[in-house]
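Trainee: Here you go, this is query18.cif (mmCIF, C-alpha atoms).
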```cif
data_structure
#
loop_
_atom_site.group_PDB
_atom_site.id
_atom_site.type_symbol
_atom_site.label_atom_id
_atom_site.label_comp_id
_atom_site.auth_asym_id
_atom_site.auth_seq_id
_atom_site.Cartn_x
_atom_site.Cartn_y
_atom_site.Cartn_z
ATOM 1 C CA MET W 183 91.195 -76.891 -17.096
ATOM 2 C CA ARG W 184 89.661 -75.342 -20.197
ATOM 3 C CA LEU W 185 86.310 -75.102 -18.420
ATOM 4 C CA TRP W 186 87.861 -73.053 -15.587
ATOM 5 C CA VAL W 187 89.496 -70.622 -18.046
ATOM 6 C CA LEU W 188 86.200 -70.129 -19.892
ATOM 7 C CA LEU W 189 84.391 -69.343 -16.644
ATOM 8 C CA SER W 190 87.131 -66.902 -15.650
ATOM 9 C CA LEU W 191 86.787 -65.021 -18.948
ATOM 10 C CA LEU W 192 83.027 -64.755 -18.525
ATOM 11 C CA LEU W 193 83.436 -63.380 -15.011
ATOM 12 C CA LEU W 194 86.057 -60.915 -16.231
ATOM 13 C CA GLN W 195 83.678 -59.593 -18.930
ATOM 14 C CA GLU W 196 80.967 -58.972 -16.319
ATOM 15 C CA THR W 197 83.271 -57.142 -13.887
ATOM 16 C CA LEU W 198 85.403 -55.197 -16.409
ATOM 17 C CA PRO W 199 82.769 -52.550 -17.332
ATOM 18 C CA HIS W 200 82.528 -51.562 -13.646
ATOM 19 C CA VAL W 201 86.271 -51.062 -13.445
ATOM 20 C CA ILE W 202 86.568 -48.674 -16.395
ATOM 21 C CA GLY W 203 83.442 -46.702 -15.396
ATOM 22 C CA GLN W 204 81.017 -47.883 -18.112
ATOM 23 C CA PRO W 205 77.471 -48.791 -17.130
ATOM 24 C CA ALA W 206 76.832 -52.401 -16.466
ATOM 25 C CA LYS W 207 74.481 -54.280 -18.736
ATOM 26 C CA SER W 208 71.083 -55.000 -17.267
ATOM 27 C CA LYS W 209 70.099 -58.605 -16.980
ATOM 28 C CA ARG W 210 66.566 -57.817 -18.255
ATOM 29 C CA PRO W 211 65.113 -55.243 -20.604
ATOM 30 C CA LYS W 212 63.743 -52.092 -18.886
ATOM 31 C CA GLU W 213 60.117 -51.322 -19.006
ATOM 32 C CA PRO W 214 59.227 -48.030 -20.745
ATOM 33 C CA GLY W 215 59.460 -45.161 -18.269
ATOM 34 C CA GLU W 216 60.825 -47.368 -15.500
ATOM 35 C CA ASN W 217 63.712 -45.018 -14.521
ATOM 36 C CA LYS W 218 61.853 -41.707 -14.891
ATOM 37 C CA ILE W 219 61.490 -39.637 -11.703
ATOM 38 C CA LYS W 220 57.867 -39.045 -10.964
ATOM 39 C CA PRO W 221 57.121 -35.380 -10.100
ATOM 40 C CA VAL W 222 55.952 -34.661 -6.593
ATOM 41 C CA ASN W 223 52.683 -32.744 -6.599
ATOM 42 C CA LYS W 224 53.545 -30.529 -3.641
ATOM 43 C CA LYS W 225 51.717 -27.193 -3.478
ATOM 44 C CA VAL W 226 53.864 -24.255 -2.348
ATOM 45 C CA LYS W 227 51.917 -21.343 -0.917
ATOM 46 C CA PRO W 228 53.225 -17.893 -1.861
ATOM 47 C CA LYS W 229 54.636 -15.924 1.015
ATOM 48 C CA THR W 230 52.321 -13.145 2.080
ATOM 49 C CA PRO W 231 52.444 -10.817 5.068
ATOM 50 C CA LYS W 232 50.721 -12.176 8.107
ATOM 51 C CA MET W 233 47.142 -11.030 8.361
ATOM 52 C CA LYS W 234 47.581 -9.956 11.945
ATOM 53 C CA GLU W 235 50.496 -7.706 11.026
ATOM 54 C CA ARG W 236 48.615 -6.137 8.123
ATOM 55 C CA GLU W 237 45.446 -5.671 10.143
ATOM 56 C CA SER W 238 47.343 -4.071 13.004
ATOM 57 C CA ALA W 239 49.141 -1.699 10.624
ATOM 58 C CA ASP W 240 45.901 -0.731 8.888
ATOM 59 C CA SER W 241 44.061 -0.307 12.161
ATOM 60 C CA SER W 242 46.821 1.905 13.560
ATOM 61 C CA LEU W 243 46.567 4.177 10.519
ATOM 62 C CA LYS W 244 42.784 4.337 10.769
ATOM 63 C CA SER W 245 42.915 5.123 14.462
ATOM 64 C CA GLN W 246 45.095 8.155 13.783
ATOM 65 C CA SER W 247 42.414 9.858 11.642
ATOM 66 C CA ILE W 248 39.326 10.991 13.533
ATOM 67 C CA LEU W 249 37.969 13.197 10.727
ATOM 68 C CA THR W 250 34.937 12.138 8.665
ATOM 69 C CA GLN W 251 32.549 13.781 6.227
ATOM 70 C CA VAL W 252 28.797 13.430 6.700
ATOM 71 C CA MET W 253 27.210 12.228 3.465
ATOM 72 C CA ASP W 254 23.569 11.826 2.424
ATOM 73 C CA LYS W 255 21.228 9.576 4.411
ATOM 74 C CA GLY W 256 23.450 9.584 7.499
ATOM 75 C CA ARG W 257 26.441 7.928 5.856
ATOM 76 C CA PHE W 258 29.992 8.804 6.863
ATOM 77 C CA GLN W 259 33.133 8.859 4.743
ATOM 78 C CA LYS W 260 36.767 8.811 5.794
ATOM 79 C CA LEU W 261 38.578 11.713 4.180
ATOM 80 C CA ALA W 262 41.699 11.406 2.046
ATOM 81 C CA ALA W 263 44.532 13.951 1.939
ATOM 82 C CA THR W 264 42.606 16.047 -0.617
ATOM 83 C CA LEU W 265 38.949 16.512 -1.503
ATOM 84 C CA SER W 266 37.394 18.358 -4.468
ATOM 85 C CA LEU W 267 33.913 19.893 -4.227
ATOM 86 C CA SER W 268 32.062 22.349 -6.441
ATOM 87 C CA ALA W 269 31.768 25.862 -5.068
ATOM 88 C CA GLY W 270 28.283 26.424 -3.673
ATOM 89 C CA GLN W 271 28.070 23.071 -1.922
ATOM 90 C CA SER W 272 27.729 22.823 1.844
ATOM 91 C CA ILE W 273 29.868 20.433 3.844
ATOM 92 C CA GLU W 274 29.657 18.903 7.314
ATOM 93 C CA LEU W 275 32.759 17.473 9.000
ATOM 94 C CA ARG W 276 32.939 15.556 12.261
ATOM 95 C CA CYS W 277 35.774 14.655 14.582
ATOM 96 C CA LYS W 278 35.363 11.994 17.244
ATOM 97 C CA GLY W 279 36.076 13.137 20.778
ATOM 98 C CA SER W 280 34.750 15.191 23.653
ATOM 99 C CA ASN W 281 37.267 18.046 23.358
ATOM 100 C CA VAL W 282 37.956 18.789 19.683
ATOM 101 C CA ILE W 283 39.984 21.701 18.299
ATOM 102 C CA TRP W 284 39.501 22.812 14.664
ATOM 103 C CA ASN W 285 41.773 24.530 12.165
ATOM 104 C CA TYR W 286 40.475 26.067 8.910
ATOM 105 C CA PRO W 287 41.252 28.991 6.539
ATOM 106 C CA SER W 288 41.969 31.960 8.791
ATOM 107 C CA TYR W 289 39.949 34.487 6.801
ATOM 108 C CA LEU W 290 36.739 32.780 7.987
ATOM 109 C CA ASP W 291 37.615 34.029 11.473
ATOM 110 C CA THR W 292 38.920 37.379 10.283
ATOM 111 C CA PHE W 293 35.611 38.281 8.685
ATOM 112 C CA LYS W 294 33.521 36.347 11.245
ATOM 113 C CA ASP W 295 31.758 34.521 8.456
ATOM 114 C CA SER W 296 28.271 33.402 9.480
ATOM 115 C CA ARG W 297 28.418 30.521 6.990
ATOM 116 C CA LEU W 298 30.777 28.700 9.377
ATOM 117 C CA SER W 299 29.311 26.874 12.376
ATOM 118 C CA ILE W 300 31.345 24.907 14.944
ATOM 119 C CA LYS W 301 29.779 22.914 17.768
ATOM 120 C CA GLN W 302 31.050 20.503 20.385
ATOM 121 C CA LEU W 303 28.670 17.634 21.176
ATOM 122 C CA ASP W 304 29.064 14.778 23.647
ATOM 123 C CA LYS W 305 30.974 12.365 21.403
ATOM 124 C CA TYR W 306 32.201 14.491 18.507
ATOM 125 C CA GLY W 307 32.992 17.968 17.256
ATOM 126 C CA GLN W 308 31.036 19.336 14.296
ATOM 127 C CA LEU W 309 32.060 21.831 11.590
ATOM 128 C CA ILE W 310 29.485 22.990 9.026
ATOM 129 C CA LEU W 311 30.336 25.308 6.130
ATOM 130 C CA ALA W 312 27.309 26.463 4.139
ATOM 131 C CA ASN W 313 27.243 27.882 0.598
ATOM 132 C CA SER W 314 30.963 27.385 0.012
ATOM 133 C CA THR W 315 32.975 29.678 -2.269
ATOM 134 C CA ALA W 316 36.310 29.406 -4.046
ATOM 135 C CA ALA W 317 37.854 31.451 -1.217
ATOM 136 C CA ASP W 318 37.120 28.604 1.224
ATOM 137 C CA THR W 319 39.758 26.423 -0.467
ATOM 138 C CA GLY W 320 42.355 25.318 2.057
ATOM 139 C CA GLU W 321 43.254 22.885 4.815
ATOM 140 C CA TYR W 322 40.691 21.705 7.345
ATOM 141 C CA SER W 323 41.983 19.741 10.330
ATOM 142 C CA CYS W 324 41.069 18.742 13.849
ATOM 143 C CA TRP W 325 42.637 17.095 16.861
ATOM 144 C CA LEU W 326 41.801 16.078 20.416
ATOM 145 C CA GLN W 327 42.972 18.279 23.238
ATOM 146 C CA LEU W 328 44.135 16.697 26.494
ATOM 147 C CA CYS W 329 43.787 18.936 29.518
ATOM 148 C CA ASN W 330 45.219 18.578 32.992
ATOM 149 C CA GLY W 331 43.905 21.463 35.028
ATOM 150 C CA ASN W 332 44.667 24.668 33.116
ATOM 151 C CA LYS W 333 47.357 23.047 30.967
ATOM 152 C CA CYS W 334 46.204 21.571 27.640
ATOM 153 C CA THR W 335 48.211 19.698 25.013
ATOM 154 C CA LYS W 336 47.479 18.290 21.568
ATOM 155 C CA ASP W 337 46.939 14.529 21.334
ATOM 156 C CA GLU W 338 49.203 13.650 18.386
ATOM 157 C CA THR W 339 47.717 10.149 18.060
ATOM 158 C CA LYS W 340 44.184 11.389 17.359
ATOM 159 C CA THR W 341 44.157 13.929 14.555
ATOM 160 C CA GLY W 342 42.569 14.379 11.137
ATOM 161 C CA SER W 343 43.337 16.601 8.168
ATOM 162 C CA THR W 344 42.222 17.177 4.572
ATOM 163 C CA TYR W 345 42.786 19.884 1.964
ATOM 164 C CA ILE W 346 39.530 20.870 0.253
ATOM 165 C CA PHE W 347 39.394 22.399 -3.239
ATOM 166 C CA PHE W 348 36.166 24.317 -3.867
ATOM 167 C CA THR W 349 36.355 24.400 -7.657
ATOM 168 C CA ASP W 350 35.004 27.354 -9.597
ATOM 169 C CA LYS W 351 35.536 27.907 -13.331
ATOM 170 C CA GLU W 352 35.227 31.648 -12.827
ATOM 171 C CA GLU W 353 37.803 31.681 -10.020
ATOM 172 C CA LEU W 354 40.793 29.484 -10.817
ATOM 173 C CA PHE W 355 42.884 31.279 -8.187
ATOM 174 C CA VAL W 356 41.840 31.378 -4.540
ATOM 175 C CA PRO W 357 40.569 34.948 -4.046
ATOM 176 C CA THR W 358 42.519 37.299 -1.752
ATOM 177 C CA PRO W 359 41.386 40.480 0.030
ATOM 178 C CA SER W 360 43.978 42.632 -1.798
ATOM 179 C CA TYR W 361 45.163 43.130 -5.362
ATOM 180 C CA PHE W 362 48.841 43.407 -4.469
ATOM 181 C CA GLU W 363 50.965 41.578 -1.910
ATOM 182 C CA ILE W 364 54.546 41.863 -0.671
ATOM 183 C CA VAL W 365 56.630 38.703 -0.333
ATOM 184 C CA TYR W 366 59.893 38.991 1.574
ATOM 185 C CA LEU W 367 62.852 37.002 0.278
ATOM 186 C CA ASN W 368 65.093 35.923 3.126
ATOM 187 C CA PRO W 369 68.281 34.011 2.230
ATOM 188 C CA ASP W 370 67.893 31.738 5.249
ATOM 189 C CA LYS W 371 64.468 30.267 4.508
ATOM 190 C CA PRO W 372 62.133 29.435 1.596
ATOM 191 C CA ALA W 373 59.782 32.095 0.241
ATOM 192 C CA VAL W 374 56.251 31.343 -0.980
ATOM 193 C CA ILE W 375 54.329 33.154 -3.711
ATOM 194 C CA PRO W 376 50.850 32.079 -2.528
ATOM 195 C CA CYS W 377 48.967 31.839 -5.834
ATOM 196 C CA ARG W 378 46.902 28.765 -4.929
ATOM 197 C CA VAL W 379 44.310 27.343 -7.299
ATOM 198 C CA THR W 380 40.795 26.017 -6.740
ATOM 199 C CA THR W 381 41.164 23.299 -9.393
ATOM 200 C CA PRO W 382 44.039 20.879 -8.650
ATOM 201 C CA SER W 383 44.378 19.876 -12.325
ATOM 202 C CA ALA W 384 44.942 23.461 -13.511
ATOM 203 C CA LYS W 385 48.231 24.234 -15.257
ATOM 204 C CA VAL W 386 49.970 27.052 -13.387
ATOM 205 C CA THR W 387 52.983 29.086 -14.541
ATOM 206 C CA LEU W 388 54.979 31.901 -12.933
ATOM 207 C CA HIS W 389 55.769 35.129 -14.822
ATOM 208 C CA ARG W 390 57.919 38.200 -14.283
ATOM 209 C CA GLU W 391 56.368 41.566 -15.103
ATOM 210 C CA PHE W 392 59.594 43.277 -16.201
ATOM 211 C CA PRO W 393 61.293 42.086 -18.242
ATOM 212 C CA ALA W 394 58.184 40.202 -19.407
ATOM 213 C CA GLU W 395 59.078 36.514 -19.283
ATOM 214 C CA GLU W 396 58.004 33.176 -17.867
ATOM 215 C CA ILE W 397 60.069 32.023 -14.895
ATOM 216 C CA GLU W 398 61.192 28.427 -15.256
ATOM 217 C CA THR W 399 60.053 26.057 -12.540
ATOM 218 C CA ASP W 400 62.859 23.502 -12.350
ATOM 219 C CA GLY W 401 61.441 21.444 -9.479
ATOM 220 C CA THR W 402 64.575 22.010 -7.401
ATOM 221 C CA ASP W 403 65.200 25.706 -6.691
ATOM 222 C CA ILE W 404 61.673 26.747 -7.653
ATOM 223 C CA ILE W 405 58.812 24.295 -7.207
ATOM 224 C CA TYR W 406 55.031 24.516 -7.401
ATOM 225 C CA ASP W 407 52.945 23.145 -4.548
ATOM 226 C CA VAL W 408 49.225 23.107 -5.345
ATOM 227 C CA LYS W 409 48.470 23.663 -1.632
ATOM 228 C CA LYS W 410 50.909 26.574 -1.184
ATOM 229 C CA GLY W 411 51.909 28.158 -4.505
ATOM 230 C CA PHE W 412 55.373 28.700 -5.970
ATOM 231 C CA VAL W 413 58.191 28.095 -3.492
ATOM 232 C CA TYR W 414 61.664 29.610 -3.824
ATOM 233 C CA GLN W 415 63.810 27.131 -1.912
ATOM 234 C CA HIS W 416 66.906 29.367 -1.786
ATOM 235 C CA PRO W 417 65.928 33.006 -2.412
ATOM 236 C CA THR W 418 68.574 35.416 -3.738
ATOM 237 C CA SER W 419 68.615 39.076 -4.739
ATOM 238 C CA ASP W 420 68.225 37.987 -8.381
ATOM 239 C CA HIS W 421 64.654 36.873 -7.604
ATOM 240 C CA LYS W 422 63.400 40.311 -6.524
ATOM 241 C CA GLY W 423 60.863 42.132 -8.657
ATOM 242 C CA ILE W 424 57.160 41.959 -9.485
ATOM 243 C CA VAL W 425 55.682 38.597 -10.511
ATOM 244 C CA TYR W 426 52.261 37.073 -11.151
ATOM 245 C CA CYS W 427 50.826 33.627 -11.884
ATOM 246 C CA LYS W 428 48.807 32.334 -14.833
ATOM 247 C CA ALA W 429 46.415 29.359 -14.669
ATOM 248 C CA GLU W 430 44.670 27.393 -17.423
ATOM 249 C CA SER W 431 41.924 24.785 -17.096
ATOM 250 C CA GLN W 432 39.513 24.059 -19.946
ATOM 251 C CA GLY W 433 39.051 27.664 -20.924
ATOM 252 C CA ALA W 434 40.670 31.052 -21.162
ATOM 253 C CA PRO W 435 43.724 31.536 -18.907
ATOM 254 C CA GLN W 436 43.357 33.615 -15.759
ATOM 255 C CA ILE W 437 45.871 35.924 -14.098
ATOM 256 C CA SER W 438 46.523 36.142 -10.357
ATOM 257 C CA ILE W 439 47.186 39.287 -8.352
ATOM 258 C CA LYS W 440 50.702 40.747 -8.460
ATOM 259 C CA TYR W 441 53.365 39.962 -5.895
ATOM 260 C CA HIS W 442 56.233 42.321 -5.105
ATOM 261 C CA LEU W 443 59.284 40.257 -4.121
ATOM 262 C CA LEU W 444 61.589 42.205 -1.783
ATOM 263 C CA TYR W 445 64.981 40.816 -0.875
ATOM 264 C CA VAL W 446 65.882 41.470 2.763
ATOM 265 C CA GLU W 447 68.973 40.478 4.655
ATOM 266 C CA VAL W 448 68.813 41.420 8.308
ATOM 267 C CA PRO W 449 71.117 40.170 11.039
ATOM 268 C CA LYS W 450 69.721 37.536 13.363
ATOM 269 C CA GLY W 451 68.786 38.689 16.830
ATOM 270 C CA PRO W 452 66.084 40.486 18.797
ATOM 271 C CA PRO W 453 64.521 43.667 17.342
ATOM 272 C CA SER W 454 66.043 47.030 18.260
ATOM 273 C CA THR W 455 63.881 49.944 19.420
ATOM 274 C CA THR W 456 64.193 53.726 19.410
ATOM 275 C CA ILE W 457 61.839 56.300 20.939
ATOM 276 C CA ALA W 458 61.432 59.977 20.067
ATOM 277 C CA ALA W 459 59.048 62.747 21.193
ATOM 278 C CA SER W 460 57.834 65.747 19.238
ATOM 279 C CA SER W 461 59.056 67.979 22.061
ATOM 280 C CA ASN W 462 60.912 67.557 25.343
ATOM 281 C CA ARG W 463 59.059 70.458 26.963
ATOM 282 C CA ALA W 464 55.340 71.276 26.978
ATOM 283 C CA GLU W 465 52.825 73.482 28.702
ATOM 284 C CA LEU W 466 49.609 72.278 30.312
ATOM 285 C CA SER W 467 47.019 71.057 27.780
ATOM 286 C CA ASP W 468 49.654 70.810 25.041
ATOM 287 C CA SER W 469 49.769 67.680 22.871
ATOM 288 C CA ILE W 470 52.921 65.611 22.480
ATOM 289 C CA HIS W 471 53.552 62.866 19.945
ATOM 290 C CA VAL W 472 55.781 59.985 21.046
ATOM 291 C CA ILE W 473 56.934 57.529 18.387
ATOM 292 C CA CYS W 474 58.412 54.105 19.124
ATOM 293 C CA THR W 475 60.247 52.529 16.190
ATOM 294 C CA VAL W 476 61.205 48.857 15.997
ATOM 295 C CA LEU W 477 63.765 47.479 13.547
ATOM 296 C CA GLY W 478 63.988 43.756 12.883
ATOM 297 C CA GLU W 479 62.889 40.969 10.603
ATOM 298 C CA PRO W 480 59.802 42.044 8.608
ATOM 299 C CA ASP W 481 57.709 38.925 9.241
ATOM 300 C CA VAL W 482 58.197 38.864 13.034
ATOM 301 C CA ASP W 483 55.216 39.985 15.147
ATOM 302 C CA VAL W 484 55.911 42.813 17.607
ATOM 303 C CA ASN W 485 53.881 43.673 20.710
ATOM 304 C CA PHE W 486 54.111 47.257 21.994
ATOM 305 C CA ARG W 487 53.849 48.014 25.700
ATOM 306 C CA TRP W 488 53.668 51.614 26.888
ATOM 307 C CA GLN W 489 54.444 53.034 30.330
ATOM 308 C CA TYR W 490 54.266 56.678 31.316
ATOM 309 C CA PRO W 491 53.802 58.715 34.536
ATOM 310 C CA GLY W 492 50.437 58.491 36.198
ATOM 311 C CA GLN W 493 49.295 55.445 34.235
ATOM 312 C CA GLU W 494 49.417 51.726 34.774
ATOM 313 C CA VAL W 495 51.236 49.474 32.318
ATOM 314 C CA ARG W 496 48.952 48.341 29.522
ATOM 315 C CA ASP W 497 49.376 46.272 26.372
ATOM 316 C CA VAL W 498 48.698 47.489 22.895
ATOM 317 C CA CYS W 499 47.664 45.302 19.980
ATOM 318 C CA PRO W 500 50.499 43.834 17.897
ATOM 319 C CA GLY W 501 52.004 46.270 15.429
#
```
How would this structure read if it were set down as structure tokens?

Mentor:
Amino acid sequence: MRLWVLLSLLLLQETLPHVIGQPAKSKRPKEPGENKIKPVNKKVKPKTPKMKERESADSSLKSQSILTQVMDKGRFQKLAATLSLSAGQSIELRCKGSNVIWNYPSYLDTFKDSRLSIKQLDKYGQLILANSTAADTGEYSCWLQLCNGNKCTKDETKTGSTYIFFTDKEELFVPTPSYFEIVYLNPDKPAVIPCRVTTPSAKVTLHREFPAEEIETDGTDIIYDVKKGFVYQHPTSDHKGIVYCKAESQGAPQISIKYHLLYVEVPKGPPSTTIAASSNRAELSDSIHVICTVLGEPDVDVNFRWQYPGQEVRDVCPG
């Protein structure tokens, strides 16, 4: 009887710790580090974009630009959005394609500059500008033209463009043919004071002639674009007057030409015309002056067409 009670107590001591939630005693001592969890040496590769996706994106961007610059020893270079060259250098650009159209600073056409040469070869179009000057600073672009009979359209998927600065320490501002320009301020669209520079790093400020003061460029209403000049985003009558620009770049500051800002507010619609003659009666061999006047927005091109007895209708150059 006593033996049975003793065995019962021993069994109760072994099972009791499990009942009250305490850990049970191990029957043997644990070896050092026996219960430690061994780390799993599993290498996790960082997530990166799929090569095919990146290659396709890069290739699509490259395929859009067909413009390259010819370097020394027959090498070619893809052009970025801007390019800086020293005035006096010559440059050769090429655009891949059999029907290439070029765009470049318009004054080169206006003065029929012999320094500019454009050719169309079998597989590419070629533009060569020799002995560059600060005045050549501007955008140079090209695109392929798709033609179906007499109708031609621009291929938007195959174009190229770059803005070239022809830097000249003596000419910080891009030269203009005149010493005074009129800029119309229209309340419905931005106005540009086109004092562009030949050195993109030049510090440019805008100044009013009277009263003499610097005009603050806040980056919102008035901003400076190195490719355009100062832009009035929302012109008002308070902006009218005579202004000029000042540029500084490692030397004495330079002053641009003056710009006369005129505020105009004309109603939208087609131009209105009036016609008047110096006389409504004349003898044979007399001279008569007929004046046609057009009123409308100042920056809208107008074509005059005259018709009078005994003559066929003919066009006159835009006025």

Trainee: I'd like the interatomic distance between atom CA of W:Tyr441 and atom CA of W:Val476, to a tenth of an Å.

Mentor: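 Atom CA of W:Tyr441 sits 24.9 Å away from atom CA of W:Val476.
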
Trainee: Taking the file as I've supplied it (selection: the PyMOL selection byres ((chain W and resi 427) around 9)), which residues are included? Please answer as a ChimeraX atom specification.

Mentor: /W:375,377,386-390,412,425-426,428-429,436-440

Trainee: Output C-alpha atoms of each residue in that selection to a file, as a short mmCIF file (atom, residue, chain, number, x, y, z; two decimals), in the frame of the given file.

Mentor:
```cif
data_model
loop_
_atom_site.label_atom_id
_atom_site.label_comp_id
_atom_site.auth_asym_id
_atom_site.auth_seq_id
_atom_site.Cartn_x
_atom_site.Cartn_y
_atom_site.Cartn_z
CA ILE W 375 54.33 33.15 -3.71
CA CYS W 377 48.97 31.84 -5.83
CA VAL W 386 49.97 27.05 -13.39
CA THR W 387 52.98 29.09 -14.54
CA LEU W 388 54.98 31.90 -12.93
CA HIS W 389 55.77 35.13 -14.82
CA ARG W 390 57.92 38.20 -14.28
CA PHE W 412 55.37 28.70 -5.97
CA VAL W 425 55.68 38.60 -10.51
CA TYR W 426 52.26 37.07 -11.15
CA LYS W 428 48.81 32.33 -14.83
CA ALA W 429 46.42 29.36 -14.67
CA GLN W 436 43.36 33.62 -15.76
CA ILE W 437 45.87 35.92 -14.10
CA SER W 438 46.52 36.14 -10.36
CA ILE W 439 47.19 39.29 -8.35
CA LYS W 440 50.70 40.75 -8.46
#
```

Trainee: Which one is closest to W:Ile424: W:Leu290, W:Ala394, W:Ile470, W:Leu275? Count only C-alpha atoms.

Mentor: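 Closest candidate: W:Ala394.
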
Trainee: If you count all atoms listed in the file, which residues fall within 10 Å of W:Lys301, apart from same-chain ones fewer than 2 positions away, as a PyMOL selection string?

Mentor: chain W and resi 276+282+299+303+306-310

Trainee: Around (30.0, 28.9, -9.6), as given in the file, which residues come within 12 Å? Count all atoms listed in the file and list them as a list in words.

Mentor: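 All residues meeting the 12 Å criterion around (30.0, 28.9, -9.6) are Leu267, Ser268, Ala269, Gly270, Gln271, Asn313, Ser314, Thr315, Ala316, Ala317, Phe348, Thr349, Asp350, Lys351, Glu352, Glu353, Leu354 and Thr380 of chain W.
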
Trainee: From the options W:Asp304, W:Asp291, W:Glu447, W:Glu430, which residue's atoms come nearest to W:Tyr366, counting only C-alpha atoms?

Mentor: W:Glu447

Trainee: Written as number ranges by chain, what is the full residue list that the PyMOL selection byres ((chain W and resi 456) around 12) yields on the file shown?

Mentor: W: 453-455, 457-459, 472-478

Trainee: I need the residue nearest W:Cys324 from this list: W:Thr250, W:Gln259, W:Thr264, W:Thr358. Use all atoms listed in the file for the distance.

Mentor: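 Closest residue, counting all atoms listed in the file: W:Thr250.
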
Trainee: Leaving out W:Ala262 and any residue of its chain fewer than 4 positions from it, which residues lie within 12 Å of it when counting all atoms listed in the file, given as a list in words?

Mentor: Lys244, Ser247, Ile248, Leu249, Thr250, Gln251, Ser266, Glu321, Tyr322, Ser323, Gly342, Ser343, Thr344, Tyr345 and Ile346 of chain W
